[in-house]
Amino acid sequence: MGAGREVSISLDGVRDKNLMQLKKLNLALFPVRYNDKYYDDALASGEFTKLAYFSDICVGAIACRLEKKEGGGQFRVYIMTLGVLAPYRGLGIGTKLLNHVLDLCSKENFSEVYLHVQTNNEDAINFYKKFGFEITETIQNYYTNITPPDCYVLTKYTVQSTSKK
Amino acid sequence: MGASLPPKEANLFKLIVKSYETKQYKKGLKAADAILKKFPDHGETLSMKGLTLNCMDRKSEAYELVRQGLKSDLKSHVCWHVYGLLYRSDREYREAIKCYRNALKIDPDNIEILRDLSLLQAQMRDLTGFVETRQQLLTLKPNHRMNWIGFSVAHHLNSNASKAVEILEAYEGTLEDDYPPDNERCEHGEMLLYKISLLEECRFLERALEELRKKESKIVDKLAFKEQEVSLLVKLGHLEEGEALYRTLLSMNPDNYRYYEGLQKCVGLYLEDGQYSHEQIDQLDSLYKTLALQYKWSSAVKRIPLDFLQGDKFREAADNYIRPLLTKGVPSLFSDLSSLYNHPGKADILEQLILELEHSIRMSCQYPGRVEKEPPSTLMWTLFLLAQHYDRRGQYEIALSKIDEAIEHTPTVIDLYSVKSRILKHAGDLVAAAAFADEARCMDLADRYVNSECVKRMLQADQVTLAEKTAVLFTKDGDQHNNLHDMQCMWYELASGESYFRQGDLGRALKKFLAVEKHYADITEDQFDFHSYCLRKMTLRTYVEMLKFQDQLHSHAYFHKAAAGAIRCYIKLHDSPPKSTTDEDENMSKLLPSQKKKMRQKQRKAERAKKEAEEKNEELSASGASKSGKRHVKPVDPDPNGEKLLQVEDPLSEATKYLKLLQKNSPDSLETHLLSFELYTRKQKILLAFQAVKQLLRLDAEHPDSHRCLIKFFHKVGSINAPVTDSEKLIWSVLEAERPYISQLHEKSLFEANNSFLEKHKDSLMHQAAFAEILNILDSDRKSEAVKFIEESTNNIVPRNGALGPIREWKLKDCIAVHKLLGTVLADQDAALRWKVRCAEYFPYSTYFEGSHSSASPNSVFNQLRKNSENESSNHSGGSQNVSSIKSNGKLEAFKDLNI
C-alpha cells in the first residue's frame, strides 16, 4: 500500500455473457434507454466496443458502430456512447477508452471517426478536441426531449488511407 | 475352463473370455453361439454368454442364461464365479458373496475369485471374512506386494492395528536394503507413512518417532513427514522441538491455521474455548506480532489475533485488518469477519469502527489519520461491508439503505445485488430476493455461482418452473434437468423438494428427496473401485480415511435433510391420503351433465395422450437397446412426477425405513426424535414414541418441542382405557415404572408441569406458544385463555452487547409458526388476523405478513420500481434522443449519445 496506489485499468470486450454490464452502465450514465439495435451494433463492432475495469470493477465503456461509407468498401466509425461512472472520473479511464478506439482505427485504416454531441456540452467538446476532433456539422433539432435540441457532429480524420500494403 | 470341449471349441471359449475382458462383446457373442451350436448344453459357455449379454444391457436374458449354465454344470467354478459377477454388477453383494464361496468350494485356490471375494468383503465390511481371504491370498502368492499390504490393511480395518504393523514389518523384511527402486519410491514412502500412522494409533509413540526418523530418506512426501513428526513430538510432550518444527512448517505455509494452533499449544497458549486471561492475551498478542513481522504476506497471522484480542486492542487490530482489504476490494471480507459477531461486544466495536471509516472516506476520501487518497471504490466496499453488518445485526432497513447507496455509487458490481437479495431474504421478502438474485445472475451469464444462487432463491420463493429453467442454463445441452440428477446436485434437489412440499405437491417432493437418498447409496457404491485401486497405488492413509468417511456417510447434513423431508411427506400422505377415485366420482355428480361430458372428454383425451407417450418411450428404449447392444440408452423415467410414489400401501412403514437411518446416523439431532415421535404416535407404537420422548429430554429438555411431545404423550396415554391384553399391561407397567424418573413430571400433574415449564421460560415467545398449545390440549375449554395468553405476550428489545442490533426479540420464523398455531391448531381466525396485522408492523418486509415494504404489498418500493421499468421500456422502443453531460473534478470525461 502507501506509495503504489496506482490501480490498473484494463479493457475487456463485450459479449452476450456480460452485456448486462454495459446496460447497467448506460442506465446510470445516460437518461435514455437504448434499444436492441444499439446493443446489436455494439456487439457487432467487435473490438470497437470495450468495457473499462478499475481493479476488477466495470466502471466505463465505449460503444461504437461500424458504418459502411457510401459507395465503397470503406468503413467509418461512429461512437455511440462513451462514459465513465461519476466516482471514477478524472482517472484517465475515458482517455484510455477513446485512445483504444483511435489506435484501432489507424491500425485498421479506418479514416473517419465521428459522433454527436449536444451543443452546450462544452466539457465533452473540449475533451474530444484534445484528441483532434473538429466540429464538422450542426444539426438542428436533433434531440427530441432535451434542450438545447441541437447537436454538433464532431469528426476526426485519421491516416489518409494508402490502403494497400 | 472349457476343459470338457474339443480343441477347436476350447479355443473359441478362450476367445469368449478374452473378448469379455477387452469389452468386444459382439465378438464374444459370436464365439459363444458357435460353441452352443454343437454343444447346446455346455454350462460354462452358457454362463459366459449370459455375462456378455449383461454388458449389452440385456439383463433378463443374461440371468436366464447364467442360471441355465449353472444348472447344466453345477460343479464348475466358472459358472459360480460368473453368477457372482452378475450379482455384483447389480449391487447384490450378499448374493454375490454366496456365489463366490460356492466357486471356492470347487476351486479353493483360485486367486481371481479370492481377490473378487475380498473386494466384496471390504465393501460390505465383512471384516473377519476380509482378513481370512486376504490371508489366503498372501499364503498363495507371498511374492506379491499387494497381498502383504492387503493383509495388513485388513487387520487394521478389523481393529487390530498392531497386527497390521507386524505384517508390514515382515513384508519389509523380505526387501533388499537398497529397496525401493526409483520408480517405486513414492509407493514405498506411503507405505512407511501408513505404518507410522498405525504405530501412532497403537500409542507406540516413541517407536513411531524413531521409525520415522530412521526412514526419513525413504519418505518422499516431505510435508507429510514433518506433519507426522510434529504430531508425535507434541503427543510425546517434546514441546520445544515441536515449537521449532511448527515454525519450520509455518515458513513453508504461513496461512495454515493448524500450524498456528499447534504452535500455540507448544508454547502453552492454547485454550479450546478461547477464554484467555489478560496475561495470556498479552502473550499471544506479542507472539503474533513477531510472527507478523516474519510472515508479511500471511493473512492468517493478521486475522487470528482478532479472535483473542478484546476491547481497544481488538479495535486497533480490526482497524488495521479491515482498511487494506476495503482499499483492495475483497468481497469476502464480511464472511471473514462474521465469526467475530458471536464474541460479546465485538459487533458493537466493529460497527463504530466501520462507521468512522465510512464517515472519513465520505468527507475526505481518506481513512482517519491518513494522507493518502483512497480509490473511489473504497466507499462502495465500505457501504457493502456495512450493509452486511446491519443485515447480521437484524437491522434490515439500514442494511438496505446502505446497499442501495452502494449500488447507486457503482451499479456494475454483482456482489452488491447478491447481498441485497440476501438481506431481503432475511427480512422475509423471498419474491424480491429472487428478483435481485436474478438481476445479479443477468450481469454475468457465464458465472455458475450466481446462477446457482439465483436458482436457490427462486426455489425459496416457490418459483419452481422458473428455477428449473434457470438451472438448466448450466447443464449440458439436451438432457435438461436430469443432468442435475446425474451431477448429484443435491442442494438443488433438496431446495426443490422443500418447495414442492410447501406447495403440497407430495409426489414431486418425495421424488426429489428420494433422489438425494439415492445419491448417498451411489456414493457408498462408489468406494468399490477403490478397494483394489488404493492397494495397488499404496495410498493407504487416504484409503483408510475414505473408508471411515464412508462409514459416517449417512450422518451428512444433506442426507439428514432429505430423509427428514421424505418422512414428513409420508406422514402428510398418511394424514391426508390422495383422493381416491370414488371421491372424484362424487365431485363429478355435483356437476351439470354438460360439464360432466366435457370433463370426461378431457380425461379421455389426456389418457390417450399419456398412453401414446408411453408407447413411444417403450419403442424408443427398445430400439435403442437392440440396435447396438453396447450403446448406453438413457432410461426414460417412468414416473417423472412422483405419482407412483404416492400410491404406497403404507406410507408410515416407508417412513420408518428412513427414520431408522436417521436414528442410526443422526442420533443427536432433535429433529430425528421429533419425527420419530410423530411417526410412532401415528403407528400407535407407545413404547417407541416414549423412547422418542426420552431422547428429546436427553438432548434438550427445555426445548418447546420436547415439552410439547412430553405432555402430549402422557396426556394421550392417560386418555386411553385401562389395559386389557397382556402386551398392553406390559406397556403400562413400563410407563408406570419410568414416569417417576422424568423430573419434569415428578409429583406433578400435567397442568402443573405445563405451568412450571412456562415459569422457567416466561420471556420466550416459542415457549409461551408451546404452553398455550398444551393448555388447549389438556383442556379445550381453556382455548380462549390460550389465545389471549399468546396475544398478550410482548416483543421486547434484545439485550445489547451481542451480535444483534437494537431490534426486537421475536424472530420472523417464530412469528409465522405462532400465526399458524393460532389459525390452525387453535383455530381462531380473528386472533390469527390480529396477529398478522401486528407482525406486519414488526416485519415490514415480510411477504408472509404482507408488510408494507414487502413485494406482497402493491405500494412497496419493489412493485413501484417494477411498474416504472415496464413503462419505461415501452416508451423507448424506437425513438431518437438525447444526451447527458457530466463533468468531474477538474478534468472531464463524459458521455453523449445519439439516435438510432
# chains A, B, ... in the order shown; residues from 1 in each chain; ligands from 1
call {"tool": "interface_residues", "arguments": {"of": "chain A", "to": "chain B", "cutoff": "6 Å", "atoms": "only C-alpha atoms", "output": "PyMOL selection string"}}
result
chain A and resi 17-18+20-21+30+58+80-83+87+89-90+94+117+143-144
call {"tool": "residues_around", "arguments": {"residues": "B:Ala10", "least_positions_apart": "2", "cutoff": "12 Å", "atoms": "only C-alpha atoms", "output": "VMD selection string"}}
result
chain B and resid 1 to 8 12 to 17 31 to 32 34 to 36 39 42 44 to 45
call {"tool": "residues_around", "arguments": {"residues": "stretch 763-766 of chain B", "least_positions_apart": "6", "cutoff": "10 Å", "atoms": "only C-alpha atoms", "output": "list in words"}}
result
His703, Pro704, Asp705, Ala772, Ile790, Ser793, Thr794, Asn795, Asn796, Glu809, Trp810, Lys811, Asp814, Cys815, Ala817 and Val818 of chain B
call {"tool": "write_last_selection", "arguments": {"atoms": "all heavy atoms", "output": "short mmCIF file (atom, residue, chain, number, x, y, z; two decimals), in the first residue's frame"}}
result
data_model
loop_
_atom_site.label_atom_id
_atom_site.label_comp_id
_atom_site.auth_asym_id
_atom_site.auth_seq_id
_atom_site.Cartn_x
_atom_site.Cartn_y
_atom_site.Cartn_z
N HIS B 703 -36.39 -27.46 25.38
CA HIS B 703 -36.89 -27.04 24.07
C HIS B 703 -38.41 -27.12 24.04
O HIS B 703 -38.99 -28.08 24.54
CB HIS B 703 -36.28 -27.93 22.98
CG HIS B 703 -36.43 -27.35 21.61
ND1 HIS B 703 -37.61 -27.44 20.91
CD2 HIS B 703 -35.57 -26.66 20.83
CE1 HIS B 703 -37.45 -26.83 19.73
NE2 HIS B 703 -36.22 -26.35 19.67
N PRO B 704 -39.07 -26.10 23.45
CA PRO B 704 -40.54 -26.12 23.41
C PRO B 704 -41.08 -27.41 22.80
O PRO B 704 -42.09 -27.94 23.26
CB PRO B 704 -40.89 -24.92 22.52
CG PRO B 704 -39.71 -24.04 22.54
CD PRO B 704 -38.52 -24.89 22.85
N ASP B 705 -40.43 -27.92 21.77
CA ASP B 705 -40.94 -29.13 21.12
C ASP B 705 -40.80 -30.35 22.03
O ASP B 705 -41.64 -31.24 22.02
CB ASP B 705 -40.23 -29.37 19.79
CG ASP B 705 -40.67 -28.37 18.75
OD1 ASP B 705 -41.82 -27.88 18.83
OD2 ASP B 705 -39.87 -28.04 17.84
N ALA B 772 -49.27 -22.46 25.60
CA ALA B 772 -50.65 -22.21 25.21
C ALA B 772 -51.22 -23.40 24.44
O ALA B 772 -52.36 -23.82 24.66
CB ALA B 772 -50.75 -20.94 24.37
N ILE B 790 -51.27 -15.89 24.32
CA ILE B 790 -50.31 -15.61 23.24
C ILE B 790 -50.38 -14.15 22.82
O ILE B 790 -49.36 -13.48 22.64
CB ILE B 790 -50.60 -16.52 22.02
CG1 ILE B 790 -50.26 -17.96 22.36
CG2 ILE B 790 -49.79 -16.05 20.81
CD1 ILE B 790 -50.48 -18.93 21.24
N SER B 793 -48.46 -11.59 24.86
CA SER B 793 -47.01 -11.62 25.02
C SER B 793 -46.42 -10.36 24.40
O SER B 793 -46.98 -9.77 23.47
CB SER B 793 -46.43 -12.86 24.36
OG SER B 793 -46.99 -13.01 23.09
N THR B 794 -45.27 -9.95 24.94
CA THR B 794 -44.69 -8.69 24.46
C THR B 794 -43.38 -8.95 23.73
O THR B 794 -42.63 -9.87 24.06
CB THR B 794 -44.41 -7.72 25.62
OG1 THR B 794 -43.68 -8.43 26.61
CG2 THR B 794 -45.69 -7.19 26.20
N ASN B 795 -43.16 -8.12 22.76
CA ASN B 795 -41.96 -8.24 21.92
C ASN B 795 -40.94 -7.21 22.37
O ASN B 795 -40.97 -6.06 21.97
CB ASN B 795 -42.38 -8.01 20.47
CG ASN B 795 -41.28 -8.36 19.49
OD1 ASN B 795 -40.20 -8.80 19.89
ND2 ASN B 795 -41.53 -8.16 18.21
N ASN B 796 -40.03 -7.64 23.22
CA ASN B 796 -39.07 -6.69 23.80
C ASN B 796 -37.86 -6.46 22.91
O ASN B 796 -37.62 -7.22 21.97
CB ASN B 796 -38.59 -7.21 25.15
CG ASN B 796 -39.75 -7.36 26.12
OD1 ASN B 796 -40.60 -6.47 26.20
ND2 ASN B 796 -39.81 -8.49 26.80
N GLU B 809 -37.05 -8.74 19.89
CA GLU B 809 -36.64 -10.12 20.11
C GLU B 809 -37.19 -11.13 19.11
O GLU B 809 -36.50 -12.05 18.70
CB GLU B 809 -37.13 -10.55 21.49
CG GLU B 809 -36.06 -10.75 22.48
CD GLU B 809 -36.68 -10.83 23.88
OE1 GLU B 809 -37.93 -10.76 24.01
OE2 GLU B 809 -35.91 -10.95 24.80
N TRP B 810 -38.45 -10.97 18.79
CA TRP B 810 -39.11 -12.05 18.05
C TRP B 810 -38.50 -12.26 16.67
O TRP B 810 -38.20 -11.30 15.95
CB TRP B 810 -40.60 -11.74 17.90
CG TRP B 810 -41.33 -11.78 19.20
CD1 TRP B 810 -40.80 -12.13 20.41
CD2 TRP B 810 -42.70 -11.45 19.42
NE1 TRP B 810 -41.77 -12.04 21.37
CE2 TRP B 810 -42.93 -11.63 20.81
CE3 TRP B 810 -43.73 -11.05 18.60
CZ2 TRP B 810 -44.19 -11.40 21.36
CZ3 TRP B 810 -44.98 -10.82 19.16
CH2 TRP B 810 -45.21 -11.00 20.54
N LYS B 811 -38.41 -13.54 16.34
CA LYS B 811 -37.88 -13.86 15.02
C LYS B 811 -39.03 -14.10 14.06
O LYS B 811 -40.08 -14.63 14.45
CB LYS B 811 -37.02 -15.12 15.10
CG LYS B 811 -35.79 -14.95 15.96
CD LYS B 811 -34.85 -16.14 15.74
CE LYS B 811 -33.67 -16.05 16.67
NZ LYS B 811 -33.89 -16.81 17.92
N ASP B 814 -40.45 -17.63 13.95
CA ASP B 814 -41.24 -17.96 15.13
C ASP B 814 -42.63 -17.34 15.03
O ASP B 814 -43.63 -17.97 15.36
CB ASP B 814 -40.54 -17.46 16.40
CG ASP B 814 -39.25 -18.23 16.65
OD1 ASP B 814 -39.05 -19.28 16.01
OD2 ASP B 814 -38.43 -17.77 17.48
N CYS B 815 -42.65 -16.09 14.58
CA CYS B 815 -43.95 -15.42 14.48
C CYS B 815 -44.85 -16.11 13.45
O CYS B 815 -46.06 -16.18 13.63
CB CYS B 815 -43.76 -13.95 14.11
SG CYS B 815 -43.08 -13.01 15.49
N ALA B 817 -44.72 -19.29 12.81
CA ALA B 817 -45.19 -20.52 13.47
C ALA B 817 -46.35 -20.21 14.40
O ALA B 817 -47.33 -20.96 14.45
CB ALA B 817 -44.03 -21.16 14.24
N VAL B 818 -46.26 -19.11 15.13
CA VAL B 818 -47.33 -18.75 16.05
C VAL B 818 -48.61 -18.42 15.27
O VAL B 818 -49.71 -18.80 15.65
CB VAL B 818 -46.91 -17.55 16.94
CG1 VAL B 818 -48.10 -17.02 17.72
CG2 VAL B 818 -45.81 -17.97 17.88
#
call {"tool": "residues_around", "arguments": {"residues": "A:Tyr152", "least_positions_apart": "5", "cutoff": "9 Å", "atoms": "only C-alpha atoms", "output": "PyMOL selection string"}}
result
chain A and resi 115-119+125+135-140
call {"tool": "write_last_selection", "arguments": {"atoms": "N, CA, C and O atoms", "output": "compact mmCIF listing (two decimals), in the first residue's frame"}}
result
# COMPACT_ATOMS: atom_id res chain seq x y z
N LEU A 115 -19.06 11.50 -34.10
CA LEU A 115 -20.03 11.33 -33.03
C LEU A 115 -20.91 12.56 -32.95
O LEU A 115 -20.60 13.59 -33.55
N HIS A 116 -22.00 12.46 -32.21
CA HIS A 116 -22.86 13.60 -31.96
C HIS A 116 -22.68 14.08 -30.54
O HIS A 116 -22.51 13.28 -29.63
N VAL A 117 -22.77 15.40 -30.36
CA VAL A 117 -22.71 15.91 -29.01
C VAL A 117 -23.63 17.13 -28.92
O VAL A 117 -23.73 17.92 -29.86
N GLN A 118 -24.31 17.25 -27.78
CA GLN A 118 -25.24 18.36 -27.59
C GLN A 118 -24.44 19.67 -27.61
O GLN A 118 -23.33 19.75 -27.08
N THR A 119 -25.01 20.68 -28.20
CA THR A 119 -24.22 21.90 -28.46
C THR A 119 -23.73 22.59 -27.19
O THR A 119 -22.75 23.31 -27.21
N ILE A 125 -17.07 18.66 -25.65
CA ILE A 125 -16.47 19.18 -26.88
C ILE A 125 -14.97 19.42 -26.71
O ILE A 125 -14.15 19.01 -27.54
N ILE A 135 -15.48 20.21 -35.12
CA ILE A 135 -16.91 20.32 -35.41
C ILE A 135 -17.08 20.39 -36.92
O ILE A 135 -16.51 21.26 -37.58
N THR A 136 -17.79 19.45 -37.47
CA THR A 136 -17.92 19.42 -38.92
C THR A 136 -19.34 19.73 -39.38
O THR A 136 -19.59 19.90 -40.57
N GLU A 137 -20.28 19.77 -38.46
CA GLU A 137 -21.65 20.00 -38.86
C GLU A 137 -22.49 20.33 -37.64
O GLU A 137 -22.14 19.94 -36.52
N THR A 138 -23.55 21.08 -37.83
CA THR A 138 -24.50 21.32 -36.75
C THR A 138 -25.87 20.84 -37.23
O THR A 138 -26.29 21.19 -38.33
N ILE A 139 -26.50 20.03 -36.40
CA ILE A 139 -27.82 19.54 -36.78
C ILE A 139 -28.85 20.16 -35.85
O ILE A 139 -28.74 20.03 -34.63
N GLN A 140 -29.81 20.88 -36.47
CA GLN A 140 -30.86 21.49 -35.66
C GLN A 140 -31.87 20.42 -35.24
O GLN A 140 -32.16 19.51 -36.01
call {"tool": "closest_residue", "arguments": {"among": "A:Tyr142, A:Tyr114, A:Tyr39, A:Phe127", "to": "A:Tyr78", "atoms": "only C-alpha atoms"}}
result
A:Tyr114
call {"tool": "atom_distance", "arguments": {"atom1": "atom CA of B:Leu127", "atom2": "atom CA of B:His519"}}
result
25.1 Å
call {"tool": "closest_residue", "arguments": {"among": "A:Ala42, A:Leu11, A:Ala124, A:Ala86", "to": "A:Leu25", "atoms": "only C-alpha atoms"}}
result
A:Ala86
call {"tool": "residues_around", "arguments": {"residues": "B:Arg834", "least_positions_apart": "6", "cutoff": "10 Å", "atoms": "only C-alpha atoms", "output": "number ranges by chain"}}
result
B: 791, 819, 840
call {"tool": "select_by_dssp", "arguments": {"residues": "stretch 334-540 of chain B", "states": "alpha helix (DSSP H)", "output": "ChimeraX atom specification"}}
result
/B:334-337,346-364,377-392,396-409,414-427,430-443,448-460,464-472,482-486,490-502,506-526,528-537,540
call {"tool": "write_last_selection", "arguments": {"atoms": "C-alpha atoms", "output": "compact mmCIF listing (two decimals), in the first residue's frame"}}
result
# COMPACT_ATOMS: atom_id res chain seq x y z
CA PHE B 334 -17.64 -9.80 5.79
CA SER B 335 -17.76 -13.57 5.85
CA ASP B 336 -14.17 -13.48 7.01
CA LEU B 337 -15.23 -11.32 9.96
CA LYS B 346 -17.19 -7.13 19.17
CA ALA B 347 -20.17 -6.40 16.95
CA ASP B 348 -20.56 -3.01 18.60
CA ILE B 349 -16.88 -2.21 18.21
CA LEU B 350 -16.93 -3.21 14.56
CA GLU B 351 -19.97 -1.06 13.94
CA GLN B 352 -18.34 2.01 15.43
CA LEU B 353 -15.16 1.34 13.57
CA ILE B 354 -16.68 0.86 10.15
CA LEU B 355 -18.95 3.86 10.57
CA GLU B 356 -15.92 6.01 11.30
CA LEU B 357 -14.19 4.75 8.20
CA GLU B 358 -17.30 5.46 6.18
CA HIS B 359 -17.60 8.97 7.54
CA SER B 360 -13.98 9.82 6.92
CA ILE B 361 -13.98 8.49 3.37
CA ARG B 362 -17.17 10.33 2.58
CA MET B 363 -15.71 13.60 3.87
CA SER B 364 -12.21 13.46 2.52
CA SER B 377 -14.17 2.10 -4.90
CA THR B 378 -13.30 2.18 -1.19
CA LEU B 379 -16.52 3.98 -0.32
CA MET B 380 -18.53 1.40 -2.21
CA TRP B 381 -16.81 -1.53 -0.46
CA THR B 382 -17.29 0.17 2.89
CA LEU B 383 -21.02 0.54 2.26
CA PHE B 384 -21.07 -3.06 1.11
CA LEU B 385 -19.48 -4.18 4.37
CA LEU B 386 -21.85 -2.03 6.40
CA ALA B 387 -24.89 -3.46 4.64
CA GLN B 388 -23.82 -6.97 5.57
CA HIS B 389 -23.01 -5.82 9.07
CA TYR B 390 -26.50 -4.45 9.62
CA ASP B 391 -28.00 -7.49 8.00
CA ARG B 392 -26.18 -9.68 10.50
CA TYR B 396 -32.66 -4.77 7.65
CA GLU B 397 -33.92 -1.28 7.00
CA ILE B 398 -30.46 0.26 7.45
CA ALA B 399 -28.84 -2.65 5.67
CA LEU B 400 -30.99 -2.00 2.62
CA SER B 401 -30.29 1.72 2.62
CA LYS B 402 -26.54 1.03 2.70
CA ILE B 403 -26.64 -1.50 -0.09
CA ASP B 404 -28.83 0.78 -2.19
CA GLU B 405 -26.33 3.55 -1.77
CA ALA B 406 -23.53 1.23 -2.84
CA ILE B 407 -25.50 0.22 -5.93
CA GLU B 408 -26.11 3.85 -6.74
CA HIS B 409 -22.38 4.52 -6.43
CA ILE B 414 -22.54 -8.12 -8.98
CA ASP B 415 -21.90 -8.86 -5.31
CA LEU B 416 -23.98 -5.85 -4.36
CA TYR B 417 -27.09 -7.37 -5.89
CA SER B 418 -26.39 -10.75 -4.32
CA VAL B 419 -26.14 -9.16 -0.91
CA LYS B 420 -29.28 -7.15 -1.47
CA SER B 421 -31.01 -10.37 -2.35
CA ARG B 422 -29.73 -11.98 0.83
CA ILE B 423 -30.87 -9.09 3.02
CA LEU B 424 -34.35 -9.25 1.52
CA LYS B 425 -34.45 -12.96 2.14
CA HIS B 426 -33.56 -12.46 5.80
CA ALA B 427 -36.12 -9.66 6.06
CA LEU B 430 -38.49 -14.07 -0.78
CA VAL B 431 -40.00 -12.85 -4.03
CA ALA B 432 -37.94 -9.68 -4.10
CA ALA B 433 -34.90 -11.70 -3.01
CA ALA B 434 -35.34 -13.96 -6.03
CA ALA B 435 -35.75 -10.94 -8.32
CA PHE B 436 -32.48 -9.39 -7.19
CA ALA B 437 -30.65 -12.68 -7.36
CA ASP B 438 -31.86 -12.89 -10.93
CA GLU B 439 -30.55 -9.41 -11.59
CA ALA B 440 -27.16 -10.48 -10.27
CA ARG B 441 -27.29 -13.53 -12.48
CA CYS B 442 -28.03 -11.50 -15.60
CA MET B 443 -24.91 -9.45 -15.04
CA ARG B 448 -22.28 -20.65 -12.38
CA TYR B 449 -22.20 -19.46 -8.79
CA VAL B 450 -24.54 -16.52 -9.26
CA ASN B 451 -26.71 -18.73 -11.40
CA SER B 452 -26.97 -21.34 -8.66
CA GLU B 453 -27.61 -18.73 -6.02
CA CYS B 454 -30.42 -17.34 -8.12
CA VAL B 455 -31.93 -20.79 -8.61
CA LYS B 456 -31.90 -21.33 -4.90
CA ARG B 457 -33.64 -18.04 -4.21
CA MET B 458 -36.27 -18.87 -6.81
CA LEU B 459 -36.94 -22.18 -5.14
CA GLN B 460 -37.19 -20.49 -1.77
CA VAL B 464 -40.08 -23.92 -9.27
CA THR B 465 -40.61 -23.79 -13.01
CA LEU B 466 -38.57 -20.64 -13.39
CA ALA B 467 -35.87 -22.11 -11.18
CA GLU B 468 -35.70 -25.21 -13.32
CA LYS B 469 -35.33 -23.17 -16.49
CA THR B 470 -32.59 -21.12 -14.91
CA ALA B 471 -30.70 -24.11 -13.56
CA VAL B 472 -30.79 -25.79 -16.94
CA ASN B 482 -31.98 -34.94 -15.49
CA ASN B 483 -28.45 -33.77 -15.82
CA LEU B 484 -28.73 -32.11 -12.41
CA HIS B 485 -29.57 -35.50 -11.02
CA ASP B 486 -26.65 -37.14 -12.79
CA MET B 490 -28.16 -32.18 -4.06
CA TRP B 491 -28.71 -28.64 -2.90
CA TYR B 492 -30.98 -28.22 -5.90
CA GLU B 493 -32.95 -31.37 -5.26
CA LEU B 494 -33.39 -30.53 -1.60
CA ALA B 495 -34.49 -26.95 -2.23
CA SER B 496 -36.82 -28.10 -4.96
CA GLY B 497 -38.24 -30.87 -2.74
CA GLU B 498 -38.84 -28.40 0.08
CA SER B 499 -40.61 -26.08 -2.30
CA TYR B 500 -42.88 -28.82 -3.66
CA PHE B 501 -43.61 -29.84 -0.11
CA ARG B 502 -44.64 -26.31 0.81
CA LEU B 506 -46.07 -34.50 -2.26
CA GLY B 507 -45.30 -36.68 -5.27
CA ARG B 508 -42.71 -34.35 -6.70
CA ALA B 509 -41.37 -33.54 -3.25
CA LEU B 510 -40.85 -37.21 -2.49
CA LYS B 511 -39.26 -37.70 -5.85
CA LYS B 512 -36.63 -35.09 -5.04
CA PHE B 513 -35.96 -36.25 -1.50
CA LEU B 514 -35.62 -39.85 -2.57
CA ALA B 515 -33.27 -38.77 -5.34
CA VAL B 516 -30.91 -37.41 -2.71
CA GLU B 517 -31.17 -40.63 -0.78
CA LYS B 518 -30.20 -42.41 -3.97
CA HIS B 519 -27.09 -40.26 -4.31
CA TYR B 520 -25.91 -41.43 -0.94
CA ALA B 521 -26.41 -45.02 -1.98
CA ASP B 522 -24.36 -44.24 -5.08
CA ILE B 523 -21.61 -42.66 -3.03
CA THR B 524 -21.43 -45.78 -0.89
CA GLU B 525 -21.26 -47.73 -4.10
CA ASP B 526 -18.50 -45.54 -5.47
CA PHE B 528 -15.98 -50.18 -4.61
CA ASP B 529 -13.35 -49.41 -7.20
CA PHE B 530 -11.00 -48.04 -4.59
CA HIS B 531 -10.58 -51.32 -2.72
CA SER B 532 -8.30 -52.59 -5.43
CA TYR B 533 -7.03 -49.26 -6.76
CA CYS B 534 -5.73 -47.92 -3.46
CA LEU B 535 -3.95 -51.12 -2.53
CA ARG B 536 -2.23 -51.02 -5.87
CA LYS B 537 -1.34 -47.34 -5.66
CA LEU B 540 -3.21 -46.31 2.21
call {"tool": "residues_around", "arguments": {"residues": "A:Ser45", "least_positions_apart": "5", "cutoff": "10 Å", "atoms": "only C-alpha atoms", "output": "list in words"}}
result
Val14, Tyr39, Asp40, Lys50, Ala63, Cys64, Arg65, Leu66, Glu67 and Val77 of chain A
call {"tool": "write_last_selection", "arguments": {"atoms": "N, CA and C atoms", "output": "PDB file, in the first residue's frame"}}
result
ATOM      1  N   VAL A  14     -17.102  -6.784 -25.080  1.00  0.00           N
ATOM      2  CA  VAL A  14     -18.488  -7.025 -24.701  1.00  0.00           C
ATOM      3  C   VAL A  14     -18.980  -8.265 -25.431  1.00  0.00           C
ATOM      4  N   TYR A  39     -27.465  -2.379 -28.947  1.00  0.00           N
ATOM      5  CA  TYR A  39     -26.631  -3.447 -28.399  1.00  0.00           C
ATOM      6  C   TYR A  39     -26.155  -4.402 -29.497  1.00  0.00           C
ATOM      7  N   ASP A  40     -27.002  -4.616 -30.493  1.00  0.00           N
ATOM      8  CA  ASP A  40     -26.566  -5.460 -31.613  1.00  0.00           C
ATOM      9  C   ASP A  40     -25.380  -4.818 -32.316  1.00  0.00           C
ATOM     10  N   LYS A  50     -15.794  -1.496 -25.895  1.00  0.00           N
ATOM     11  CA  LYS A  50     -14.989  -2.013 -24.786  1.00  0.00           C
ATOM     12  C   LYS A  50     -15.536  -1.560 -23.453  1.00  0.00           C
ATOM     13  N   ALA A  63     -18.851   2.526 -26.779  1.00  0.00           N
ATOM     14  CA  ALA A  63     -19.600   1.648 -27.677  1.00  0.00           C
ATOM     15  C   ALA A  63     -19.652   2.295 -29.062  1.00  0.00           C
ATOM     16  N   CYS A  64     -19.254   1.555 -30.064  1.00  0.00           N
ATOM     17  CA  CYS A  64     -19.195   2.104 -31.419  1.00  0.00           C
ATOM     18  C   CYS A  64     -20.046   1.287 -32.385  1.00  0.00           C
ATOM     19  N   ARG A  65     -20.310   1.933 -33.515  1.00  0.00           N
ATOM     20  CA  ARG A  65     -20.981   1.227 -34.601  1.00  0.00           C
ATOM     21  C   ARG A  65     -20.103   1.398 -35.822  1.00  0.00           C
ATOM     22  N   LEU A  66     -19.918   0.327 -36.571  1.00  0.00           N
ATOM     23  CA  LEU A  66     -19.148   0.430 -37.803  1.00  0.00           C
ATOM     24  C   LEU A  66     -20.128   0.689 -38.950  1.00  0.00           C
ATOM     25  N   GLU A  67     -19.883   1.779 -39.699  1.00  0.00           N
ATOM     26  CA  GLU A  67     -20.798   2.104 -40.786  1.00  0.00           C
ATOM     27  C   GLU A  67     -20.071   2.028 -42.113  1.00  0.00           C
ATOM     28  N   VAL A  77     -16.239   4.932 -38.362  1.00  0.00           N
ATOM     29  CA  VAL A  77     -16.598   4.515 -37.022  1.00  0.00           C
ATOM     30  C   VAL A  77     -17.452   5.582 -36.377  1.00  0.00           C
TER      31      VAL A  77
END
call {"tool": "closest_residue", "arguments": {"among": "A:Phe133, A:Thr158, A:Leu91, A:Asn126", "to": "A:Phe110", "atoms": "only C-alpha atoms"}}
result
A:Thr158
call {"tool": "atom_distance", "arguments": {"atom1": "atom CA of B:Lys296", "atom2": "atom CA of B:Cys266"}}
result
22.5 Å
